[in-house]
Structures are given as structure tokens and as C-alpha cells.
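Peer 1: What follows is a single structure, and I will ask about it in a moment.
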Amino acid sequence: MKFTIGWLKKHLETQKKDNELIEKLTNIGLEVESFENLSSSLDSFKVAKIVNAEQHPNADRLRICDVDIGLDNTVKVVCGAPNAKKDLLTIYAGPGSIIPKNNMKLSVSKIRGVTSYGMLCSESELNLSNESEGITELPTGKYSDKIGKNFFKSNTEKVVDLSITPNRPDCLGVRGIARDLAAAGVGKLKKIPLNNIKNNGSQKIKVSITKDKNQGCTIFGSCLIEGVINKESPKWLKEKIISLGQKPISAIVDITNYVMLDLNRPLHAYDADKIDKEIIVRNSKKGETFEALDNKEYKLGDDMCVISDKSGVLGLGGIIGGTRSGTEINTKNILLESAYFIPRSIRKTSKLLNIDTDAKFRFERGIDTHSIELGLSKAAELISEICGGKISNFDIQQTDKHEKNKIKFNVSLFEKITGFKVNDNEIIKILTDLGFEVSKEKFELNLKIPTWRPDITQPIDIVEEIVRIKGYENIETLQPERTKIKDTLNAQQKLFHFLQRSVASKGYFETVTWSFTDSKINKLFKETLKEIKIVNPISSELDVLRNSIFTNLTFYIKKNLDRGFKDISLFEIGPIFKSSKPGEQLTVIGAIKSGKISRLNWNEKERIVDVFDVKKDVIQTLVEAGYDKQSFFVRDKSPSYYHPGKSGSIYLDKDEKEPVAYFGEIHPNILKKLDIKTEGLVGFEIYMDYLRENKIKLKDLKTNFEYSDYQKSERDFAFVVDKNFKAQDLIEIISSIDKNLIRSIKIFDIYEGENIPQDKKSIALNVTIQSSEKTLEESDLEKINKLIISTVETKSGAKIRS
Amino acid sequence: MSDIKKIKDDYLNKLNNDLNIESLNQIKTELFGKNGKISNYFKKLGSLPTDERKKFASDLNSIKNELQVKIDTKLQEIETKEINSKLENEKVDVTLPEREFRRGKIHPVSQVIDEISSIFSEIGFSVEEGPDIENEHYNFTALNTPDNHPARDMHDTFYLDNNKELLLRTHTSPVQVRTMLNGKPPFKIIAPGRTYRSDSDQTHSPMFHQVEGLHIDKDINMGHLKGCLNYFIKSFFEVDKIKMRFRPSHFPFTEPSAEVDIGYEIKDGKIVIGEGNKWLEILGCGMVHPNVLKNVKVNPDKYQGYAFGIGIDRLGMLKYGINDLRAFFETDYRWLNHFGFDPLDVPSNYRGLSR
């Protein structure tokens, strides 16, 4: 909402300085976005004279003009206007100027090979009129001695731009702002001067509001003004309209806009001669069409509130008028409309048709139901003043009385909510200044709510009115209490934080990427999950919610590889989505690693990252988080985006249904499809939701401290097994032989080749044997030795390698 | 006697020379070997007359000891020398680089969330979370923002269906609704998380992070709200004093509502929080609207309290001098390395938020 201080002072009597008013506005909830000289951007438009105009060598329609802009040298401007002739006085805009019509910023540019320094402007480009044929022609008499001077008078008045919250429609008019300021004690709200118009005769065009279901209009006030001479607005009005960044059109239209900005009372003027017999306010029928003032044809649905006549739709009530009945410069008789439309209806229709207008913006927030006549009389007065004409009586059709709402307000609620006290008299004064009718009854105030405040419906709203006018600085700052109701984090949240830092501590950079992704990449990782489309994505590359944490990680690892990084470790912990239902999401850690380990290191041999690098990271992370490695179970099944032979899944124990993690090399096809260039790419995923809560607390774990001081013995074995026999199975066979004696098993060599049959491999392992009861004798050791060999041979078909 | 003394003197002299291990062994053999000079005297002891024997034996023993000690010392000397010379040959260039290590990093958003959680933990708040996908009821209607409310236009919402029933939450406020529906007052929670709006430029990103705060009890008023936020802002920016301004504003789910500005100034091109006479808007808050309480089955005549919503990314940008919001989500390795935190730097209330 823009207005000038001068305009504000038409409603507010005040001695305060501009800055005090500005500060007050912000303090009472009318946030000041900017306060500046609007004219500054218009200063770059100069009165200029074309001293020479010649044909452009490469374009028939263009001319190269030498333009005198009051400096020592003329400037060259390429111009396409047919009227760009020698000696013409016109308006010049230099490079850097912003053209008011389209907010385009000018720069020095080459037009068909000739450099043009700026532009000669048409009236339409400057929002002076709709004249777009040719450049402005200024009268010689008035302007010949003004070459080089600013065309627009420097407007010293500053323009305030407020950001008005949706609950305050009343402040979409200057008067509402003045009222708030007056209530806040920086001045006095002036009375609106009574006008002296004479109403003559009845309004001859019949108006009716039909009793349709969900009729969007409840009041339709109108008056007929006959015999007007429509014209350009007088200077004062034009300047007001321009100062707010709007475009003057004609006196009648400008006046209706002016009243809207002044009182937040939208109006509409019809050319009365174009109305077919009568006005009917009714619901639209599906398929009806009309051409609106934005020159677009709208096709209506059912039950939109339209203003119509016998021939059809004239306009969408409270949203936009139609071209058929619009006023023009030669309009003689006008019908002025001042109506009330229900916000819900306005919102619904404008959303469906995707129309946004000043009127719509105001009606959907709620217009003062009691401002119908004020609007008619203010506008009629101005119209008759500027355009003449005879004003009819006002015709008010009304289906709802819109009586003032009442609230009982218990003053103690104020202190209860705000924590400080304001005495009753002050409360009453604030509310009265805001337009409430107040009567006191013991501790309660009986309030009649001003009709321009549709946002106020209950006592809490009254608290807000008082506290914002009184000032939020009066609220005390109380020391926060430290009482705790619940633990800060629950078990799952603790695990989240732990895993996050655990993975990072293994050399991975944490990243945060969008929850959405490119459906083309998502397809590579989504497996059996359903694609979740965003109806209105920010771009076609971010059109679905991610089904996998790897979608964005692979995308960004490529970006970093392309930046020249080679050995990258990245991870993200965040949501992936299983469906579009709330809650059907999983929290997943995805980690990915590219390139080599120990690249260009003088004392370690460099090698490409491999599946066992990520296996180590994932296992170590799980172990650090408190899960027992002894019961982990690894299967060689994994999602299709992993290398089928070099990946696996980890289960917390053999009987679990869902794996808690996957790890492995990323499938070479994925690298190819995404054009990822690296020596190796491996990754892992941990599904947090499948990690069961560790019920054993640290304090339980620690109290149970057992160890053995008896001598340890180590024995080495080498078994020849089938090539596809799993090491995990071998370890399980051995460790289950005697859990009390077999303390650890380490695989220290895998051998295939000479001396071993082609379909076999040799697994060499080291077993640590220790009793917690005694020092084992050689004979005990021999016994267990033999048991290991025989059990392994029977259970696995392996042969001990001699 | 004079013979053995001569042997002693001769050999002590020899032992004072620079010897290697072989010549030392040679000397040892010459003295104490099977036919060594000293050994031979011991053999002769038996043939001496009794009265001489005792004295001679005593002299011989003392000479033997003296020589023995000297030899041992010499031996140690030689060994030390040899080890030293061996170690000298093993010397490596310790200025060569160590073996490779990789240092991981925590994303600034995560770090800031941990900082926030730590600060609010101190004054008794617990952490709640909610789903990223919400239905229109939890995101809007239950929060006193019915369908026909213009405030909905302030949120550019991503929808997942054409009926606009399912959406990506535009704020963390639906967690308030879920928390209150699932429990009984009092409530004292924060809810950090991802939020989404279809908006993208230097200060807007289609995904960003918010933390919601909610404190509902019998007598929680705006003074508590001010106190809580004042404490939070001071703790977060690690300053003793903070200039704060509460400004009336409007959110459908709070009444009265406020926006909070903090004072700042620009010093050497950097933002300094807490001083100066410029204002920076950092959060929105207010007293939870009675309609919201009714919607979640909390009696507004008995319970009241405040809620607030803060942009996490923005807090991080201010505290750590990050200029472009979009960079948070672009995974530039250089950016992550620079703005990321060491995983061991866990913000906590006893060791402080940061180093």
C-alpha cells in the first residue's frame, strides 16, 4: 500500500515529523517497506530536441536522431517513431532510466549496427496516456526554453510503502492508516468533509440482486450521473495516481481509483448507455463468457457472482469490469456502482479464473459494509466537479443488513495475555479512537466492532488491538523457567544425531540436498517405489519427491567431479518418500565415495575405493551406535543400482526381515547414464527406521565387566572350500563350536590358484582360544583343534589344507 | 704381587683406549679365559703357602673386580655407541607427509539445529518432529487458515495432488498441531525441520529449514515469550547484550502476533549482531490463537501460551557470515569444506555452543 505523506495529512492532523510517523507506523503493526522520494526514478526523463534525423542505413523504419539534451554535445538515438523529425521537442530517457510502463531499464545498445544512447519516449511508455503511436510531442511555446530540464516536476513529497497484513483491509485506504496513527497518539483523525452534492431524481436503471444460492453480493448501491464530459484528469489527480505507481486513464476511472485508495472503497463506473435495460446481480452459468477490462475473454463456471444486464454478463462483481459497458472518453452518462461482495466468493472466483486486481485484493480481505453511500457521494462529488453532470438519488439494494458485530470484553484478559496492565480508561480511549463503540459494565466492556474491521471477531483480537496501539515495548521480558517436562531428545533423535556425527567422523562431508529431485535420475534408484509427482514443481528438473537418498548425491558427486575433485566422500541424512501420504517417509543415511584411497601418497600404495571401504564404514558406524557386530548378518542381495557382484545388505541379526543397511559399488550402468567419470564409486545406505532401539543402556553394559586372565592360544587353519562358499558361514560354523573357548576368528588370507582346484578357494584363518576357567593344556587345545577341523569339514564340505 | 699389579696397570691402560667389541672380547679372554692371565693366578693359589695365600687371594680378587668393572663399563660404552650409530643410520625425514587421513564435516544447517536444540534444552524444551508431506488440514485449516483466507497466498505451496489436499509443509507449525493432538498440556517443544515453498532467488530457496517453538501452560503470557526469545537470541549469537524489537504483525495462528527484529551494524563489511541502529527481521511469533487450541482439543480458557517460528538457514547465515541461501543446498565440496563443522564439535550446554 503506497501513499504520500501529504495525502495522509488530508486525514490526519499532526505536527509530528515524517520520521516519527514512519516509526509509529511500524510500531503499531503497519510495517514500512520503504520511505523514499518516488520522483528520483523520474528524474532521468529530460525535455529534448531532435536537431537532426536521418534514415538508418540498415532499416527502413528506423531513424538516427541527434538529440539536444542540454549538454555541450548532442547524443545519438535510434528511433522507430514515424514522427521523429528534425526540430521536434520531445522527452529523452538516458541509459539507466527505468521506463514506467514496463519497468525496463535502458542501456546503451546497438540497433541494426548503430549504437543508440537512450530512447525517445511515447506518452504511453511514460504512463502519461495510452498514446503509443510515435514519440511525445511537446508544445514549442511551453518547452522550447526547457531543453535538458527534467520533464517531471521534482516531487519533493515522499512516498511511503506499507506491507499490509491480510487482516487489515481497512489500511488499504489512506484513511484507515490515519485512523490507526491517530489512535496511537500522533495526531487527530480529521472529519470527512460533508459534501454538497445535490441528488436529483431517481436512479432510472433498475437494479436487483437475485436470491441465488451462495449469492456473492449482499449490497449493491448505485447512482446515475447524466451529462458528464469525461476528460483527462486534472493535474492534482493525475499526480496522485502517478505518485502511487498507477497509470491515469480518464477522469472518471481515476476518480474511482482515487476513492478506492483514499477510503478503501472500490467503485465501478459503467457507461449507462451501454447497459441493456437493467442490472441483475446473479450467479453465472457455466459457459457464459465476457471480455474483461484486461482485454481477455473469460469463460465462466457455475455460481460466480456476475453483474449482468438483459444481454448478458457485464462484469465479475468486485473483481473486474467488462469492456462492453466500460466508460470511454466520450461517455455521456454513467452508472456508478458501490457494492459489497463476500470475501469467500471473491476468492473462489478469482482463484478459478486466475485474476488479480486491486478490487479483488480488497474485497477478498473484506470491505467496510457501511461505506456504500460514502463511496458513492465522494466519487459523485468529484465527478460532477470535474466532469459535470446531474447526480441521481442513490439506489441501495441490500439483502443483508450487516449490523455491527458485538463482543463482550473482560478487561482482565488483557493482563492475562500480555502480562502487563493498562487502566480501563486508557483501554476505552484506544478502542474508541479505533472506531469501536464502547460501553462499560463492571469489568466488562460491551463493544460494537467498526464495520471496517472484519478481522475482529473475538476477545483475543481486542487484546491485540490494545497491545499494538499501546506498544509492544511495554511487555516485560521475563526470565525463562528451566523446568523440563520431557527429555530433550527421544531415542530415535539421539540415534539420528549420533549416526550423523559418526558417519562424518569417517571422513564424509555432510550435505543437505532437496527433498525433491529429477524424475529421470529418480527412476534409476526408485526400485519398486511409486513415483511421487509434484503438481507445481519449481522446475522440470525437480519434479518428483525423492524415492532414494542417492538421487541427489550422485547428481552432486558428478558436479564436484566436474569441478575437478577426484576423491570425494559425501553423505546426507534425511527423508526419502514411499508415497504421498503424510508419514510414509523414511529417514535414511546415504554415503558415497569416489576415486582413490591414498592418491599420490609417497608411502602408501594408492588404490581405487572398493566395497570393503564402505563395508568398514557402515559396520563401524553401526557398532559405534551400539549394535552387536557378532550378530550382524550379511546377505549378497542389494538394490539394482549396486554392482550385483560387489554389494550386500546388512541385517542386525539373521532373523530380521528388513536389512538396516546396504553397501557396495554403484552399478556401472548408473555411472554411464549419469556420465559420472571416476575410477570408482561406492556407497552405503542406513535405514534408520529399521534400526531397533537399543534397550540396553550404557549403565547396564558397563556394570557387566568380565575378562579372563588365563593364557590365550592361537591356531591357524586353512580350509579349501567351494568358490562361492561364504566366509561368514565358515566363521559361524567355527564360532558356534564352543562359544566359551573360541574368542575370535580372523581371516587373514584368501587364495585361489596354483595347488587349489579351479572351483575352489582357500580361506586361511586364525582362531584365538581362551578359557575363562583355567589355562588350557596342550591336550585340550589338540581336542578343540580337531573339533574345529572335523566340524568344518562335515558342515561345509571343506577340506583342511595340509 | 708386583706381577699382578703390573697386569692390572697394563690392562687398565689398554681398556682406556678406543676399543671395538672384538678387541674388548680379546682382552677379556686374555685375562679371564681358560688360560687367561688372571685365571692362571687363581689356579696357582692352591700351591701358595697358607700364610701368603690369604693375602694374595684378597689382592687378586680386588684386581679381578677392578678389571671386571672396567670391562663392563667399557662394554656398555661400546654398545651404546654402536646403537647410536645404528639409529643415526636409520634416521628418516620426518617432514615427509603423514599417512592420508580424511576429515569429515557436519553441514552448517545440522550444526545450527544442534545449537538450537542445546539452547532450548537448557530451558526445558524437548524436540518434536513431523512429516514433510502434510495434508492441507494440518498445514492450514487447523492453524486457523481456512481455504478462503488470503493468508494462504503468503505461502507458495507445493502440491502433490490436483485437489490440493496433499502438500509439502510450508512451515513447521503443523508439528504444533500434531503434538497437541497427541498429548496433554503442558507443552514445551521445539520442532526443527525441512519446509518448502515454491520460491527461488538469493534469499528464497524452494526448500529451507525452520524451527517451531511452542509453550502452552496455564499462565504463559507475552512476557514469557519475550524472555524466551531474548534468552535464545543472546545464547545463539553468543553475545551478552542484544537489541531486540517486537513489532505487531499478523499470522492466522497467533493472536496477538509479532515479528522480532534484532539490532545490527555493519563493521568492516561484516554483520555484527546486537549493536548498531539497523534492524533485521529474524522471526515471527505470538500467542497461540484460541481457535488453534480449540482445533486441537485444548481448552483455551484454561491454557494459553506462545509459539514462534524461526528460519534456521537464515540464523546460520547471520552467525557464520554466509551470503547466499541457495549455496546451502548446492553441495559444492569447497563450500561444505569451508562452512562445515568438525564432527567432534558437538554443541552442548556444558562445553558451549562452539569453540
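Simple scheme: letters A, B, ... for chains in C-alpha cells order, numbers from 1 for residues in each chain, numbers from 1 for ligands in the order shown.
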Would you list, as an MDAnalysis selection string, the residues of region 108-354 of chain B that end up in alpha helix (DSSP H) under DSSP run on this structure's backbone?

Peer 2: chainID B and resid 108:122 136:139 174:181 222:237 290:295 312:320 333:339

Peer 1: Give me a file of those residues, with C-alpha atoms, as a compact mmCIF listing (two decimals), in the first residue's frame.

Peer 2:
# COMPACT_ATOMS: atom_id res chain seq x y z
CA PRO B 108 26.01 -25.84 8.94
CA VAL B 109 22.25 -26.48 9.00
CA SER B 110 22.79 -29.57 11.15
CA GLN B 111 25.22 -27.73 13.38
CA VAL B 112 22.77 -24.84 13.85
CA ILE B 113 19.94 -27.28 14.62
CA ASP B 114 22.13 -28.87 17.29
CA GLU B 115 23.00 -25.45 18.68
CA ILE B 116 19.32 -24.50 18.82
CA SER B 117 18.38 -27.80 20.46
CA SER B 118 21.10 -27.36 23.03
CA ILE B 119 19.97 -23.83 23.90
CA PHE B 120 16.32 -24.76 24.25
CA SER B 121 17.17 -27.91 26.17
CA GLU B 122 18.65 -25.67 28.84
CA GLU B 136 -3.99 -29.25 3.91
CA HIS B 137 -5.76 -29.57 7.24
CA TYR B 138 -2.66 -29.77 9.40
CA ASN B 139 -0.73 -27.22 7.37
CA PRO B 174 1.79 -28.44 11.70
CA VAL B 175 4.08 -30.14 14.24
CA GLN B 176 2.36 -27.95 16.86
CA VAL B 177 -0.97 -29.34 15.79
CA ARG B 178 0.24 -32.95 15.79
CA THR B 179 1.97 -32.60 19.14
CA MET B 180 -1.04 -31.09 20.84
CA LEU B 181 -3.47 -33.57 19.33
CA MET B 222 3.75 -12.48 26.22
CA GLY B 223 6.35 -11.64 28.86
CA HIS B 224 7.46 -15.27 28.84
CA LEU B 225 7.60 -15.17 25.06
CA LYS B 226 9.84 -12.12 25.15
CA GLY B 227 12.04 -13.68 27.83
CA CYS B 228 12.40 -16.95 25.99
CA LEU B 229 13.36 -15.33 22.69
CA ASN B 230 15.67 -12.86 24.35
CA TYR B 231 17.47 -15.73 26.04
CA PHE B 232 17.60 -17.71 22.83
CA ILE B 233 18.94 -14.93 20.62
CA LYS B 234 21.62 -13.99 23.15
CA SER B 235 22.72 -17.58 23.56
CA PHE B 236 22.67 -18.33 19.88
CA PHE B 237 24.72 -15.35 18.80
CA PRO B 290 -7.71 -19.72 20.77
CA ASN B 291 -9.10 -21.17 17.53
CA VAL B 292 -5.95 -23.26 17.11
CA LEU B 293 -6.22 -24.52 20.69
CA LYS B 294 -9.85 -25.44 20.10
CA ASN B 295 -8.89 -27.26 16.91
CA ILE B 312 17.27 -21.90 10.68
CA ASP B 313 19.25 -21.29 7.50
CA ARG B 314 18.92 -17.56 7.99
CA LEU B 315 20.19 -17.80 11.57
CA GLY B 316 23.15 -19.78 10.29
CA MET B 317 23.81 -17.22 7.57
CA LEU B 318 23.84 -14.40 10.11
CA LYS B 319 26.00 -16.19 12.65
CA TYR B 320 28.53 -17.61 10.24
CA TYR B 333 32.70 -29.51 -1.96
CA ARG B 334 34.62 -26.30 -1.37
CA TRP B 335 31.65 -24.70 0.35
CA LEU B 336 30.99 -27.75 2.53
CA ASN B 337 34.64 -27.85 3.50
CA HIS B 338 34.71 -24.18 4.41
CA PHE B 339 31.36 -23.81 6.18

Peer 1: Return the neighbours of chain A among the residues of chain B, cut-off 7 Å, counting only C-alpha atoms, as a PyMOL selection string.

Peer 2: chain B and resi 100+102-107+121-127+131+133-135+148+150-151+158-162+198+207+221-224+226-228+246-250+255-256+329-333+336+343

Peer 1: Show me, as a list in words, the residues that have an atom within 10 Å of Phe56 (chain B) when counting only C-alpha atoms, minus same-chain residues fewer than 5 positions from it.

Peer 2: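 Residues near the query, excluding close chain neighbours: Met1, Ile4, Tyr41, Phe42, Leu45, Leu48, Asp51, Asn61 and Ser62 of chain B.
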
Peer 1: May I have all residues of region 128-247 of chain A that DSSP, computed from the backbone, assigns to strand (DSSP E), given as a ChimeraX atom specification?

Peer 2: /A:158-163,188-189,206-209,217-226

Peer 1: Leaving out region 588-596 of chain A and any residue of its chain fewer than 5 positions from it, which residues lie within 6 Å of it when counting only C-alpha atoms, given as a CSV table (one decimal) with C-alpha atoms, in the first residue's frame?

Peer 2:
chain,number,residue,atom,x,y,z
A,549,ILE,CA,18.8,-40.7,-0.9
A,566,LYS,CA,38.5,-36.7,-7.5
A,567,ASP,CA,38.4,-38.3,-4.1
A,568,ILE,CA,35.1,-37.3,-2.7
A,569,SER,CA,33.2,-38.6,0.3
A,570,LEU,CA,29.7,-37.2,0.8
A,571,PHE,CA,26.7,-38.1,2.9
A,572,GLU,CA,23.3,-36.9,3.7
A,573,ILE,CA,20.8,-37.9,6.4
A,574,GLY,CA,17.3,-37.1,5.6
A,607,ARG,CA,44.1,-47.9,-4.7
A,608,ILE,CA,40.6,-47.5,-6.0
A,609,VAL,CA,37.9,-47.3,-3.4
A,678,THR,CA,35.7,-41.5,-11.7
A,679,GLU,CA,37.9,-44.5,-11.1
A,680,GLY,CA,35.5,-46.0,-8.6
A,681,LEU,CA,32.2,-45.1,-6.9
A,682,VAL,CA,31.0,-46.9,-3.8
A,683,GLY,CA,28.3,-46.1,-1.3
A,684,PHE,CA,26.2,-47.2,1.6
A,685,GLU,CA,22.7,-46.6,3.0
A,686,ILE,CA,21.5,-46.9,6.5
A,687,TYR,CA,17.7,-47.1,7.1
A,688,MET,CA,17.2,-45.5,10.5

Peer 1: Applying 8 Å and only C-alpha atoms, which residues near region 143-153 of chain A remain after dropping the ones on its own chain fewer than 2 positions away? List them as a PyMOL selection string.

Peer 2: chain A and resi 39+42-49+68-71+89+91+138-141+155

Peer 1: Got time to write the residues from that selection, C-alpha atoms, as a CSV table (one decimal), in the first residue's frame?

Peer 2:
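Heads up, here's the output in result22.csv:
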chain,number,residue,atom,x,y,z
A,39,SER,CA,10.4,11.2,-8.2
A,42,LEU,CA,11.6,10.0,-12.9
A,43,ASP,CA,14.5,12.5,-12.8
A,44,SER,CA,16.2,10.8,-15.8
A,45,PHE,CA,13.5,12.0,-18.2
A,46,LYS,CA,14.6,15.2,-19.9
A,47,VAL,CA,13.0,17.6,-22.3
A,48,ALA,CA,14.9,17.2,-25.5
A,49,LYS,CA,15.0,18.5,-29.1
A,68,ASP,CA,20.0,18.0,-27.9
A,69,ILE,CA,19.6,17.2,-24.2
A,70,GLY,CA,21.0,20.5,-22.9
A,71,LEU,CA,24.6,19.3,-22.9
A,89,LEU,CA,10.5,18.8,-28.8
A,91,ILE,CA,11.1,13.5,-24.0
A,138,LEU,CA,5.8,18.7,-26.6
A,139,PRO,CA,4.3,22.2,-27.4
A,140,THR,CA,7.1,24.5,-28.5
A,141,GLY,CA,5.8,27.5,-26.6
A,155,ASN,CA,8.0,15.8,-6.4

Peer 1: Determine, counting only C-alpha atoms, which protein, DNA and RNA residues have an atom within 10 Å of an atom of Ile71 (chain B); residues of the same chain fewer than 2 positions away are not included. Present the result as number ranges by chain.

Peer 2: B: 11-12, 15-16, 24-25, 27-28, 65-69, 73-77

Peer 1: Can you list, as a PyMOL selection string, every protein, DNA or RNA residue that comes within 8 Å of Asp716 (chain A) when you count only C-alpha atoms, leaving out same-chain residues fewer than 6 positions away?

Peer 2: chain A and resi 764-767

Peer 1: Give me a file of those residues, with C-alpha atoms, as a PDB file, in the first residue's frame.

Peer 2:
ATOM      1  CA  ALA A 764      43.121 -69.117   5.967  1.00  0.00           C
ATOM      2  CA  LEU A 765      42.066 -68.125   9.416  1.00  0.00           C
ATOM      3  CA  ASN A 766      43.431 -67.563  12.846  1.00  0.00           C
ATOM      4  CA  VAL A 767      41.441 -68.686  15.863  1.00  0.00           C
TER       5      VAL A 767
END

Peer 1: Would you compute the distance between CA of Lys442 (chain A) and CA of Val411 (chain A)? Give it in Å to one decimal.

Peer 2: 9.7 Å

Peer 1: Taking only C-alpha atoms into account, which of B:Glu129, B:Asp156, B:Asp18, B:Asp201 comes nearest Asp324 (chain B)?

Peer 2: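 Closest to Asp324 (chain B) of all the choices is B:Asp201.
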
Peer 1: Mind pulling up the distance from CA of Ser350 (chain A) to CA of Ile252 (chain A)?

Peer 2: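 Separation between CA of Ile252 (chain A) and CA of Ser350 (chain A): 25.0 Å.
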
Peer 1: Kindly give the distance, in Å, that separates CA of Ser354 (chain B) and CA of Glu238 (chain B), rounded to a single decimal.

Peer 2: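 These two atoms are separated by 9.1 Å.
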